[in-house]
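start-v6.cif follows; it contains mmCIF, C-alpha atoms.
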data_model
loop_
_atom_site.label_atom_id
_atom_site.label_comp_id
_atom_site.auth_asym_id
_atom_site.auth_seq_id
_atom_site.Cartn_x
_atom_site.Cartn_y
_atom_site.Cartn_z
CA MET A 79 14.16 103.58 173.92
CA LYS A 80 15.58 105.31 171.00
CA LYS A 81 12.82 106.86 168.85
CA LEU A 82 12.62 107.06 165.09
CA PHE A 83 12.01 110.52 163.63
CA PHE A 84 11.35 111.31 159.99
CA ILE A 85 10.25 114.28 157.90
CA PRO A 86 6.48 113.99 157.25
CA LEU A 87 4.80 114.29 153.86
CA ILE A 88 3.89 117.79 152.71
CA LEU A 89 0.13 117.70 152.09
CA VAL A 90 -1.78 120.82 151.05
CA SER A 91 -5.56 121.15 150.85
CA VAL A 92 -6.48 122.09 147.28
CA GLY A 93 -10.25 122.47 147.01
CA TRP A 94 -9.12 124.43 144.00
CA CYS A 95 -5.62 123.94 142.63
CA SER A 96 -3.16 126.84 142.56
CA ALA A 97 -2.96 129.21 139.61
CA ALA A 98 0.10 127.38 138.31
CA ARG A 99 -1.97 124.26 137.64
CA LEU A 100 -3.76 123.60 134.34
CA ILE A 101 -6.60 121.91 136.16
CA GLN A 102 -8.69 122.38 139.27
CA ALA A 103 -9.93 119.46 141.35
CA ARG A 104 -13.15 118.93 143.31
CA SER A 105 -14.46 115.93 145.23
CA ALA A 106 -18.07 115.41 146.30
CA SER A 107 -17.01 113.07 149.13
CA GLY A 108 -14.47 115.28 150.88
CA ASN A 109 -11.28 117.29 150.60
CA VAL A 110 -8.64 116.85 147.93
CA TYR A 111 -5.03 116.77 149.08
CA GLU A 112 -2.09 117.43 146.88
CA MET A 113 1.43 116.13 147.38
CA SER A 114 3.91 118.40 145.64
CA ARG A 115 7.27 117.50 144.11
CA PRO A 116 6.82 113.74 143.71
CA GLN A 117 9.15 111.69 141.52
CA GLY A 118 8.43 111.70 137.77
CA VAL A 119 5.14 113.64 137.76
CA ASP A 120 4.02 117.16 138.68
CA TYR A 121 1.84 116.27 141.68
CA LEU A 122 -0.27 113.58 143.35
CA LEU A 123 -3.95 113.92 144.24
CA PHE A 124 -5.45 112.05 147.22
CA VAL A 125 -9.23 111.90 147.53
CA PRO A 126 -11.67 109.96 149.75
CA GLN A 127 -13.11 108.22 146.66
CA ALA A 128 -11.66 108.54 143.16
CA ASN A 129 -15.03 108.11 141.42
CA ASP A 130 -16.21 111.35 143.06
CA LEU A 131 -13.31 113.36 141.61
CA GLU A 132 -14.01 116.11 139.08
CA LEU A 133 -11.05 117.50 137.12
CA SER A 134 -11.70 120.70 135.13
CA MET A 135 -9.53 122.94 132.98
CA ARG A 136 -9.06 126.24 134.76
CA SER A 137 -9.03 128.17 131.48
CA GLN A 138 -12.00 126.21 130.08
CA GLN A 139 -9.77 125.13 127.21
CA LEU A 140 -10.44 121.89 125.45
CA ALA A 141 -7.82 119.36 126.57
CA ASP A 142 -6.63 115.87 125.82
CA TRP A 143 -6.51 113.42 128.75
CA TYR A 144 -4.08 110.54 128.43
CA ASP A 145 -3.85 107.56 130.84
CA ILE A 146 -0.12 106.85 131.19
CA SER A 147 -0.80 103.71 133.27
CA THR A 148 -2.71 102.00 130.45
CA HIS A 149 -1.13 103.87 127.49
CA ARG A 150 -4.58 104.87 126.29
CA MET A 151 -6.34 108.13 125.50
CA ALA A 152 -8.84 108.74 128.32
CA GLY A 153 -10.59 111.64 126.61
CA SER A 154 -10.05 114.20 123.84
CA GLY A 155 -11.46 117.71 123.58
CA TYR A 156 -12.93 117.78 127.07
CA THR A 157 -12.76 120.62 129.56
CA THR A 158 -13.83 118.27 132.36
CA PHE A 159 -12.68 114.75 133.21
CA LEU A 160 -14.80 112.52 135.49
CA ASN A 161 -13.42 109.03 134.99
CA ALA A 162 -10.18 109.07 137.03
CA GLU A 163 -9.18 105.72 138.51
CA SER A 164 -7.23 105.22 141.70
CA GLY A 165 -3.56 104.42 141.15
CA HIS A 166 -3.54 105.71 137.57
CA THR A 167 -1.26 108.41 136.22
CA TYR A 168 -2.64 110.95 133.74
CA MET A 169 -1.25 113.52 131.34
CA VAL A 170 -3.40 116.54 130.44
CA SER A 171 -2.44 118.62 127.38
CA ALA A 172 -3.85 122.01 126.34
CA GLY A 173 -2.52 125.17 124.68
CA GLY A 174 0.96 123.75 124.33
CA ARG A 175 1.23 122.88 128.03
CA ARG A 176 1.31 119.49 129.70
CA GLU A 177 0.78 118.37 133.25
CA ALA A 178 1.20 114.89 134.74
CA PHE A 179 -0.46 113.72 137.96
CA ALA A 180 -1.52 110.53 139.71
CA VAL A 181 -4.83 109.96 141.51
CA PHE A 182 -5.34 107.84 144.64
CA ASP A 183 -8.42 106.69 146.48
CA GLU A 184 -7.57 106.88 150.18
CA GLU A 185 -10.11 104.20 151.08
CA LYS A 186 -8.23 101.60 149.04
CA PHE A 187 -5.21 102.07 151.32
CA ALA A 188 -7.03 102.38 154.64
CA LEU A 189 -5.06 101.24 157.66
CA THR A 190 -8.21 99.71 159.10
CA ASP A 191 -7.95 96.98 156.45
CA CYS A 192 -4.68 95.85 158.05
CA HIS A 193 -3.99 93.67 161.07
CA LEU A 194 -1.41 94.93 163.60
CA GLN A 195 0.91 92.19 164.84
CA VAL A 196 3.66 92.87 167.41
CA LEU A 197 6.44 90.31 167.89
CA PRO A 198 8.68 91.10 170.89
CA GLU A 199 12.22 89.78 170.72
CA CYS A 200 15.22 89.99 173.05
CA ASP A 201 16.98 92.88 171.32
CA SER A 202 14.18 94.50 169.32
CA THR A 203 10.47 94.41 168.52
CA VAL A 204 9.09 93.53 165.09
CA ILE A 205 5.90 95.26 163.89
CA ASN A 206 3.99 93.50 161.11
CA LEU A 207 1.10 95.05 159.19
CA GLU A 208 -0.74 92.23 157.52
CA HIS A 209 -2.63 93.24 154.32
CA PHE A 210 -0.75 96.53 154.10
CA LYS A 211 -0.97 98.06 150.61
CA VAL A 212 1.90 100.04 149.16
CA ILE A 213 0.89 103.19 147.25
CA SER A 214 2.62 103.28 143.87
CA TYR A 215 2.24 104.87 140.43
CA VAL A 216 3.91 104.94 137.03
CA ASP A 217 5.75 108.16 136.19
CA THR A 218 6.02 109.81 132.77
CA ALA A 219 9.10 107.69 131.97
CA GLY A 220 7.23 104.47 132.68
CA LYS A 221 9.09 103.85 135.95
CA THR A 222 7.23 102.69 139.05
CA GLN A 223 7.43 105.17 141.93
CA TYR A 224 6.37 104.63 145.56
CA VAL A 225 4.58 107.04 147.89
CA GLU A 226 5.97 107.34 151.38
CA ARG A 227 3.56 107.38 154.31
CA THR A 228 3.88 108.68 157.86
CA MET A 229 2.55 106.77 160.87
CA VAL A 230 2.75 107.14 164.65
CA LEU A 231 3.14 104.06 166.85
CA SER A 232 1.94 104.58 170.44
CA TYR A 233 2.65 102.24 173.37
CA ASN A 234 4.18 102.15 176.84
CA ASN A 235 7.69 101.11 177.79
CA ALA A 236 9.96 101.21 180.83
CA GLU A 237 12.78 103.71 181.35
CA TRP A 238 15.25 104.02 184.22
CA ASN A 239 14.63 107.03 186.47
CA GLU A 240 17.87 107.94 188.20
CA ASP A 241 16.18 110.26 190.72
CA ALA A 242 13.67 107.63 191.81
CA LYS A 243 16.19 104.77 191.45
CA SER A 244 13.58 102.67 189.69
CA TRP A 245 12.14 101.70 186.32
CA GLU A 246 9.10 103.78 185.38
CA THR A 247 6.37 103.28 182.80
CA VAL A 248 6.68 105.95 180.11
CA PRO A 249 4.36 106.56 177.12
CA GLN A 250 6.19 106.23 173.81
CA GLU A 251 5.42 107.63 170.37
CA ASP A 252 7.61 106.51 167.47
CA THR A 253 7.13 108.29 164.15
CA ILE A 254 7.60 105.89 161.24
CA HIS A 255 8.11 107.02 157.65
CA GLY A 256 8.41 104.87 154.53
CA SER A 257 6.68 103.44 151.48
CA ASP A 258 6.51 99.79 152.54
CA LEU A 259 5.51 99.63 156.19
CA SER A 260 4.32 96.04 156.10
CA SER A 261 7.14 95.24 158.52
CA PHE A 262 9.47 97.44 160.56
CA GLY A 263 11.33 97.33 163.85
CA ILE A 264 11.59 99.37 167.03
CA GLY A 265 13.69 99.00 170.18
CA LYS A 266 13.21 96.23 172.70
CA LEU A 267 10.02 96.11 174.76
CA LEU A 268 10.50 95.87 178.53
CA ILE A 269 6.91 95.80 179.84
CA ASP A 270 3.54 94.39 178.78
CA THR A 271 1.51 96.94 176.83
CA ASP A 272 -0.94 97.42 174.00
CA PHE A 273 -0.05 99.18 170.74
CA ARG A 274 -1.86 101.70 168.55
CA LEU A 275 -0.77 102.65 165.04
CA LYS A 276 -2.14 105.81 163.43
CA ASP A 277 -1.71 106.83 159.80
CA ILE A 278 -1.22 110.61 159.63
CA THR A 279 -0.44 110.73 155.90
CA PHE A 280 -3.93 112.06 155.14
CA PRO A 281 -4.97 114.79 157.61
CA ASP A 282 -8.72 114.33 157.13
CA GLN A 283 -8.65 110.61 157.71
CA GLU A 284 -8.77 109.30 161.30
CA ASP A 285 -7.20 106.00 160.42
CA SER A 286 -5.78 103.86 163.23
CA ILE A 287 -5.63 100.27 164.43
CA SER A 288 -4.65 98.60 167.70
CA THR A 289 -3.43 95.22 168.84
CA ASP A 290 -6.14 92.70 169.70
CA SER A 291 -4.73 92.20 173.21
CA VAL A 292 -1.89 93.27 175.48
CA VAL A 293 1.51 92.36 174.07
CA ILE A 294 3.64 90.35 176.50
CA ALA A 295 7.24 91.63 176.73
CA VAL A 296 10.20 89.24 176.91
CA ALA A 297 13.25 91.55 176.79
CA VAL A 298 15.27 92.45 179.87
CA ALA A 299 17.64 95.24 180.84
CA HIS A 300 19.38 96.41 183.98
CA HIS A 301 20.96 99.53 185.37
CA GLN A 302 23.91 98.17 187.29
CA GLN A 303 25.45 100.37 190.00
CA TYR A 304 27.85 99.75 192.84
CA TYR A 305 28.70 101.41 196.12
CA ILE A 306 31.90 101.21 198.14
CA THR A 307 30.90 100.40 201.73
CA GLN A 308 34.45 100.03 203.05
CA ARG A 309 37.71 101.14 201.51
CA GLY A 310 41.33 100.80 202.43
CA LYS A 311 42.14 104.40 201.53
CA ARG A 312 39.85 107.34 200.86
CA ARG A 313 41.05 109.89 198.39
CA GLU A 314 40.29 113.54 199.03
CA ASN A 315 36.72 114.53 198.03
CA GLU A 316 35.95 110.97 196.95
CA VAL A 317 32.38 109.66 197.24
CA ASP A 318 31.28 106.11 197.90
CA GLY A 319 28.89 105.80 194.94
CA PRO A 320 26.81 105.04 193.14
CA TYR A 321 29.29 104.28 190.38
CA GLU A 322 28.21 103.44 186.86
CA ASP A 323 31.59 103.45 185.18
CA SER A 324 32.83 99.93 184.53
CA ASN A 325 36.41 100.44 185.79
CA LYS A 326 37.57 101.32 189.29
CA THR A 327 41.08 101.26 190.79
CA GLU A 328 41.27 101.14 194.59
CA SER A 329 43.28 100.11 197.61
CA ALA A 330 42.49 96.91 199.50
CA PRO A 331 40.61 95.98 201.57
CA LEU A 332 37.61 97.12 199.55
CA GLU A 333 34.04 96.10 200.31
CA VAL A 334 31.59 96.79 197.49
CA LEU A 335 27.80 96.57 197.27
CA PHE A 336 26.69 95.69 193.73
CA GLU A 337 23.06 96.47 192.78
CA SER A 338 21.51 95.05 189.61
CA HIS A 339 18.36 97.24 189.22
CA PRO A 340 16.75 94.87 186.66
CA SER A 341 13.82 95.74 184.40
CA PRO A 342 10.41 94.27 185.35
CA LYS A 343 10.68 91.09 183.26
CA ALA A 344 14.00 89.94 184.75
CA ASP A 345 13.58 87.15 187.32
CA TYR A 346 16.97 85.42 187.36
CA TYR A 347 20.36 86.85 188.37
CA SER A 348 23.84 85.42 188.08
CA TRP A 349 26.97 87.12 189.44
CA THR A 350 30.45 85.78 188.82
CA ILE A 351 33.66 87.24 190.23
CA LYS A 352 37.01 86.38 188.69
CA ARG A 353 40.50 87.22 189.86
CA HIS A 354 42.10 87.72 186.48
CA SER A 355 40.80 84.56 184.74
CA ASP A 356 40.24 82.45 187.89
CA LEU A 357 36.63 82.08 189.07
CA ILE A 358 36.48 82.85 192.80
CA ALA A 359 32.78 83.46 193.52
CA VAL A 360 29.30 82.79 192.12
CA ARG A 361 26.12 84.40 193.46
CA ASN A 362 22.45 84.24 192.42
CA ASP A 363 21.06 87.06 194.54
CA LYS A 364 19.58 90.22 193.07
CA ASP A 365 22.25 92.35 194.80
CA ILE A 366 25.53 91.21 196.31
CA ARG A 367 28.20 92.50 198.69
CA TYR A 368 31.81 91.40 198.28
CA LEU A 369 35.07 92.11 200.09
CA PHE A 370 38.09 92.47 197.83
CA ASP A 371 41.08 91.96 200.11
CA ASP A 372 43.58 90.06 198.00
CA ALA A 373 46.20 92.32 196.45
CA SER A 374 49.54 91.22 194.96
CA GLU A 375 53.18 92.18 195.50
CA SER A 376 53.83 91.74 191.80
CA GLY A 377 51.45 94.53 190.78
CA PRO A 378 47.75 95.47 190.50
CA VAL A 379 45.16 92.69 190.73
CA GLN A 380 42.19 92.89 188.40
CA TYR A 381 38.80 91.49 189.37
CA LEU A 382 36.04 91.01 186.80
CA VAL A 383 32.51 91.24 188.22
CA GLU A 384 29.96 90.00 185.69
CA LEU A 385 26.20 90.22 186.07
CA THR A 386 23.71 88.37 183.87
CA VAL A 387 19.98 89.02 184.24
CA MET A 388 17.48 86.80 182.48
CA ASN A 389 13.79 86.37 181.81
CA SER A 390 13.13 82.73 182.65
CA THR A 391 10.15 82.67 180.26
CA THR A 392 11.01 80.55 177.23
CA MET A 393 10.21 81.92 173.78
CA GLY A 394 8.89 79.91 170.88
CA ASP A 395 12.33 78.77 169.77
CA GLY A 396 13.25 77.68 173.29
CA SER A 397 15.59 80.60 173.93
CA GLN A 398 15.54 83.05 176.82
CA CYS A 399 16.29 86.76 176.91
CA GLU A 400 19.33 87.85 178.87
CA VAL A 401 21.72 90.78 179.13
CA THR A 402 25.22 90.84 180.62
CA ALA A 403 27.53 93.58 181.87
CA THR A 404 30.99 93.51 183.42
CA ASP A 405 32.61 95.81 185.97
CA THR A 406 36.35 95.82 186.62
CA ILE A 407 37.77 96.37 190.10
CA THR A 408 41.56 96.80 190.29
CA LEU A 409 43.46 96.57 193.60
CA ASN A 410 46.91 98.07 193.93
CA SER A 411 49.78 96.32 195.67
CA SER A 412 50.52 97.40 199.26
CA LEU A 413 52.64 100.40 200.25
CA ILE A 414 53.58 102.33 203.41
CA PHE A 415 55.41 105.65 203.43
CA VAL A 416 56.31 107.33 206.73
CA PRO A 417 56.89 111.12 206.94
CA ASN A 418 59.69 112.46 209.16
CA VAL A 419 58.03 115.64 210.43
CA PHE A 420 54.56 116.98 211.34
CA THR A 421 53.36 120.37 212.64
CA PRO A 422 50.33 120.14 214.99
CA ASN A 423 49.75 123.92 215.21
CA GLY A 424 46.08 123.91 214.24
CA ASP A 425 46.47 125.43 210.77
CA GLY A 426 44.86 122.43 209.13
CA LYS A 427 48.07 121.46 207.36
CA ASN A 428 50.08 118.43 208.43
CA ASP A 429 48.53 118.61 211.93
CA GLU A 430 48.79 114.85 212.47
CA PHE A 431 51.47 112.25 212.04
CA ARG A 432 49.97 109.85 209.48
CA VAL A 433 51.41 107.27 207.14
CA VAL A 434 50.70 107.21 203.43
CA TYR A 435 49.47 103.73 202.56
CA ARG A 436 47.51 101.51 200.24
CA SER A 437 46.23 97.94 200.44
CA ILE A 438 47.07 97.48 204.13
CA CYS A 439 44.97 94.83 205.86
CA GLU A 440 46.63 94.87 209.32
CA PHE A 441 48.28 97.85 210.99
CA HIS A 442 49.63 98.91 214.37
CA CYS A 443 51.79 101.89 215.31
CA TRP A 444 53.40 102.85 218.65
CA ILE A 445 54.91 106.26 219.53
CA TYR A 446 57.64 106.58 222.22
CA ASN A 447 59.40 109.61 223.64
CA ARG A 448 63.17 109.90 223.99
CA TRP A 449 63.03 108.05 227.34
CA GLN A 450 61.35 105.04 225.67
CA HIS A 451 57.97 105.71 227.32
CA LEU A 452 54.87 104.84 225.22
CA VAL A 453 52.85 108.02 224.61
CA TYR A 454 50.36 106.88 221.93
CA SER A 455 49.31 103.92 219.74
CA TRP A 456 46.65 103.13 217.12
CA ASP A 457 45.68 100.35 214.74
CA ASP A 458 43.88 102.11 211.86
CA PRO A 459 46.15 103.29 209.03
CA ALA A 460 43.58 105.94 208.12
CA LYS A 461 44.10 107.64 211.51
CA GLY A 462 47.14 109.29 213.11
CA TRP A 463 48.68 111.05 216.12
CA ASP A 464 48.00 114.72 216.95
CA GLY A 465 51.00 115.18 219.29
CA THR A 466 49.11 114.74 222.57
CA ASN A 467 49.13 112.23 225.42
CA ASN A 468 45.84 111.79 227.30
CA GLY A 469 44.71 115.14 225.89
CA LYS A 470 47.83 117.07 226.92
CA LYS A 471 50.14 118.63 224.35
CA LEU A 472 53.61 117.15 224.28
CA PRO A 473 56.69 119.33 223.66
CA ASP A 474 58.46 119.69 220.34
CA SER A 475 60.95 116.87 220.03
CA ALA A 476 61.96 113.83 218.02
CA TYR A 477 59.70 110.84 218.75
CA ILE A 478 60.27 107.19 217.95
CA TYR A 479 57.68 105.25 215.93
CA ILE A 480 57.42 101.49 215.51
CA ILE A 481 55.08 100.14 212.82
CA ASP A 482 54.02 96.52 212.42
CA ALA A 483 51.75 96.04 209.38
CA THR A 484 50.71 93.47 206.80
CA GLY A 485 49.68 94.30 203.25
CA CYS A 486 46.65 92.70 201.63
CA ASP A 487 49.14 91.20 199.21
CA GLY A 488 50.86 89.39 202.12
CA GLN A 489 53.84 91.72 202.40
CA ARG A 490 54.98 92.30 206.01
CA TYR A 491 56.15 95.74 207.19
CA LYS A 492 58.30 96.22 210.32
CA LEU A 493 59.37 99.85 210.41
CA LYS A 494 61.19 101.91 213.05
CA GLY A 495 62.37 105.52 212.92
CA THR A 496 61.99 109.01 214.28
CA VAL A 497 59.51 111.76 213.50
CA ASN A 498 60.06 115.40 214.45
CA MET A 499 57.15 117.29 215.99
CA LEU A 500 57.36 121.07 215.36
CA ARG A 501 54.54 123.13 216.81
CA GLY A 502 56.41 126.41 216.49
CA GLU A 503 54.91 127.70 219.75
#
Go through the file and emit its structure as structure tokens.
Amino acid sequence: MKKLFFIPLILVSVGWCSAARLIQARSASGNVYEMSRPQGVDYLLFVPQANDLELSMRSQQLADWYDISTHRMAGSGYTTFLNAESGHTYMVSAGGRREAFAVFDEEKFALTDCHLQVLPECDSTVINLEHFKVISYVDTAGKTQYVERTMVLSYNNAEWNEDAKSWETVPQEDTIHGSDLSSFGIGKLLIDTDFRLKDITFPDQEDSISTDSVVIAVAVAHHQQYYITQRGKRRENEVDGPYEDSNKTESAPLEVLFESHPSPKADYYSWTIKRHSDLIAVRNDKDIRYLFDDASESGPVQYLVELTVMNSTTMGDGSQCEVTATDTITLNSSLIFVPNVFTPNGDGKNDEFRVVYRSICEFHCWIYNRWQHLVYSWDDPAKGWDGTNNGKKLPDSAYIYIIDATGCDGQRYKLKGTVNMLRGE
């Protein structure tokens, strides 16, 4: 699952504010945290309880305290201010300097007052926080600003492990950042799990909630792979799978094993195979094996292999979760090319008389010497003749071949000619 990453809030403990501040802040109920560089004011102060906050002029100057939120003077000629209210923005003025700040009571925005609701869907998962309170304040221009919070959502999900060839349960932690987190989304959920949401906006506050029970997943996924178990022609250094690319061009006949590897919630499988647009096969097994042996003289034949996996559990709206993928298998038309010389001298180059071919379903070749005596025959186009008869080397000469073959596209091949054997011995 793709995770969400955001830059967290910058919170600094300020038992006493820095020298640049006009005021210093203390709280009898715990630490004071300052958020620097907010919109429209100089800083924000977060305290466990606002009524325990003491704001004092660092220089002991007499100051005027103005409540921007209510447009009223909160105090005049005081060096200390004790009546701050959560969510209010204040302006303090002294000695020709001004400073604007907002005060927040952390307890009024506690995550424990919310209810965590998780709604799994086919393509995503919706997280609802009932009773979530947005933190906002009025800046010096009278505009409402919103405080962004950082939370961590913990749960389990399934991920495909290529080494183990299976889906594995993996712990997930998604970091969520925003001002209104009453509802947000994450990726689709593939296994049943519980959820825990932790608010890390305020470092001193262990504030977290969990789902009331295990959340039942409905989404499905698969990791489709296929293996070639029989091929008409093997290319040099070619492997038989697994393949995950969706397009493959081969020579017929081609037998392929398709594996679905569905996620845990999938319990229904549907395979369809089309030759171009014509439906030629339907299967409902988890994995299938199919022989592609129908090529065409007119050109390559394209087969579409489509797999749909589904969770048969019906959701509230009557729908079911499914996911579909398509692989394309292309078969070339048939071909036979016969060389006119081979050199069985053991150097590993051209040591056998072999035909070049593709999409050949039936094959037979006979070799005769100049006196019309049969010296060798075979019926596998992938094999050839090494210039021997019953294990004995035959002399350099011109030999007659006769080939009778049928392409997978129906084309018939009746070929006759000579091949020169040159050992050079």
- prompt: Written as a list in words, which residues does the PyMOL selection byres ((chain A and resi 479) around 10) give for the file shown?
  reply: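 This file, filtered by the PyMOL selection byres ((chain A and resi 479) around 10), leaves Val416, Cys443, Trp444, Ile445, Tyr446, Asn447, Leu452, Tyr454, Ser455, Ala476, Tyr477, Ile478, Ile480, Ile481, Leu493, Lys494, Gly495, Thr496 and Val497 of chain A.
Residue nearest Val225 (chain A), chosen from A:Gln117, A:Ile278, A:Asp241, A:Glu185 and counting all atoms listed in the file: A:Gln117.
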message: Env of Glu246 (chain A): 7 Å cut, atoms = only C-alpha atoms, seq-sep filter 2 positions within chain, self excluded. Answer as an MDAnalysis selection string.
response: chainID A and resid 236:239 244 248
Suppose we keep C-alpha atoms; can you now write the selection as an mmCIF file, keeping the file's coordinate frame?
data_model
loop_
_atom_site.group_PDB
_atom_site.id
_atom_site.type_symbol
_atom_site.label_atom_id
_atom_site.label_comp_id
_atom_site.auth_asym_id
_atom_site.auth_seq_id
_atom_site.Cartn_x
_atom_site.Cartn_y
_atom_site.Cartn_z
ATOM 1 C CA ALA A 236 9.960 101.210 180.830
ATOM 2 C CA GLU A 237 12.780 103.710 181.350
ATOM 3 C CA TRP A 238 15.250 104.020 184.220
ATOM 4 C CA ASN A 239 14.630 107.030 186.470
ATOM 5 C CA SER A 244 13.580 102.670 189.690
ATOM 6 C CA VAL A 248 6.680 105.950 180.110
#
message: Assuming the chain letters and numbering stay as they are in my file, what does the PyMOL selection byres ((chain A and resi 395-411) around 9) actually select? List them as an NGL selection string.
response: :A and (199-201 or 296-300 or 302 or 322-332 or 344 or 370-394 or 412-413 or 436-438 or 485-487)
query: Which residue, A:Thr350, A:Gln195, A:Thr484, A:Thr167, has the smallest gap to Pro459 (chain A) when you use only C-alpha atoms?
result: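 Result for the nearest residue to Pro459 (chain A): A:Thr484.
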query: For the file shown, what are the residues hit by the PyMOL selection byres ((chain A and resi 133) around 6), laid out as number ranges by chain?
result: A: 102-103, 132, 134, 158-159
field: Of the listed residues A:Val334, A:Ala162, A:Leu123, A:Val204, that which approaches Gly263 (chain A) most closely, counting all atoms listed in the file
entry: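 Among A:Val334, A:Ala162, A:Leu123, A:Val204, it is A:Val204 that comes nearest to Gly263 (chain A).
You will find CA of Pro422 (chain A) at 5.5 Å from CA of Arg501 (chain A).
Counting only C-alpha atoms, the residue from A:His339, A:Lys461, A:Lys211, A:Ala188 that sits nearest to Glu284 (chain A) is A:Ala188.
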task: Write out as a list in words which residues come within 10 Å of Leu472 (chain A) when counting all atoms listed in the file, dropping same-chain ones fewer than 4 positions away.
output: Asn447, Val453, Asp464, Gly465, Thr466, Asn467, Asn468, Met499 and Arg501 of chain A
Can I get the selection written as a PDB file, in the coordinates of the input, with C-alpha atoms?
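Written out: selection_19.pdb:
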ATOM      1  CA  ASN A 447      59.400 109.610 223.640  1.00  0.00           C
ATOM      2  CA  VAL A 453      52.850 108.020 224.610  1.00  0.00           C
ATOM      3  CA  ASP A 464      48.000 114.720 216.950  1.00  0.00           C
ATOM      4  CA  GLY A 465      51.000 115.180 219.290  1.00  0.00           C
ATOM      5  CA  THR A 466      49.110 114.740 222.570  1.00  0.00           C
ATOM      6  CA  ASN A 467      49.130 112.230 225.420  1.00  0.00           C
ATOM      7  CA  ASN A 468      45.840 111.790 227.300  1.00  0.00           C
ATOM      8  CA  MET A 499      57.150 117.290 215.990  1.00  0.00           C
ATOM      9  CA  ARG A 501      54.540 123.130 216.810  1.00  0.00           C
TER      10      ARG A 501
END
message: Using all atoms listed in the file, which protein or nucleic acid residues come within 7 Å of Ser171 (chain A)? Drop anything in the same chain fewer than 6 positions from it, and give the result as an MDAnalysis selection string.
response: chainID A and resid 141:143 177
field: Interatomic distance, CA of Ile269 (chain A) to CA of Ser288 (chain A) (Å, one decimal)
entry: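 About the pair CA of Ile269 (chain A) and CA of Ser288 (chain A): they are 17.0 Å apart.
Taking only C-alpha atoms into account, Ile294 (chain A) lies nearest to A:Leu197 out of the set A:Leu207, A:Leu197, A:Trp463, A:Ala219.
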query: In Å to one decimal, how far is CA of Ala128 (chain A) from CA of Leu160 (chain A)?
result: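 Between CA of Leu160 (chain A) and CA of Ala128 (chain A) the gap is 9.2 Å.
Distance check against Leu122 (chain A) using only C-alpha atoms: of A:Asp217, A:Asp145, A:Glu208, A:Asp345, the minimum falls on A:Asp217.
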task: Give me the residues within 8 Å of Asn498 (chain A) as a ChimeraX atom specification, counting all atoms listed in the file and dropping any in the same chain fewer than 3 places off.
output: /A:418-420,474-477
Write a file of the just-selected residues containing C-alpha atoms, as a compact mmCIF listing (two decimals), in the coordinates of the input.
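Saved as again.txt:
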# COMPACT_ATOMS: atom_id res chain seq x y z
CA ASN A 418 59.69 112.46 209.16
CA VAL A 419 58.03 115.64 210.43
CA PHE A 420 54.56 116.98 211.34
CA ASP A 474 58.46 119.69 220.34
CA SER A 475 60.95 116.87 220.03
CA ALA A 476 61.96 113.83 218.02
CA TYR A 477 59.70 110.84 218.75
- request: List the neighbours of Leu189 (chain A) out to 7 Å using all atoms listed in the file; skip same-chain residues closer than 4 positions along the sequence, and give me the result as a list in words.
  value: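 Counting all atoms listed in the file, the residues come to Asp277, Asp285, Ser286 and Ile287 of chain A.
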With 10 Å as the cut-off and only C-alpha atoms counted, what is the closest atom pair between each nearby residue of region 167-203 of chain A and region 270-274 of chain A? Distances in Å to one decimal, ordered by chain and number, as a Markdown table.
| residue | atom | partner | partner_atom | distance |
| --- | --- | --- | --- | --- |
| A:Leu194 | CA | A:Arg274 | CA | 8.4 |
| A:Gln195 | CA | A:Phe273 | CA | 9.2 |
| A:Val196 | CA | A:Phe273 | CA | 8.0 |
| A:Pro198 | CA | A:Asp270 | CA | 10.0 |
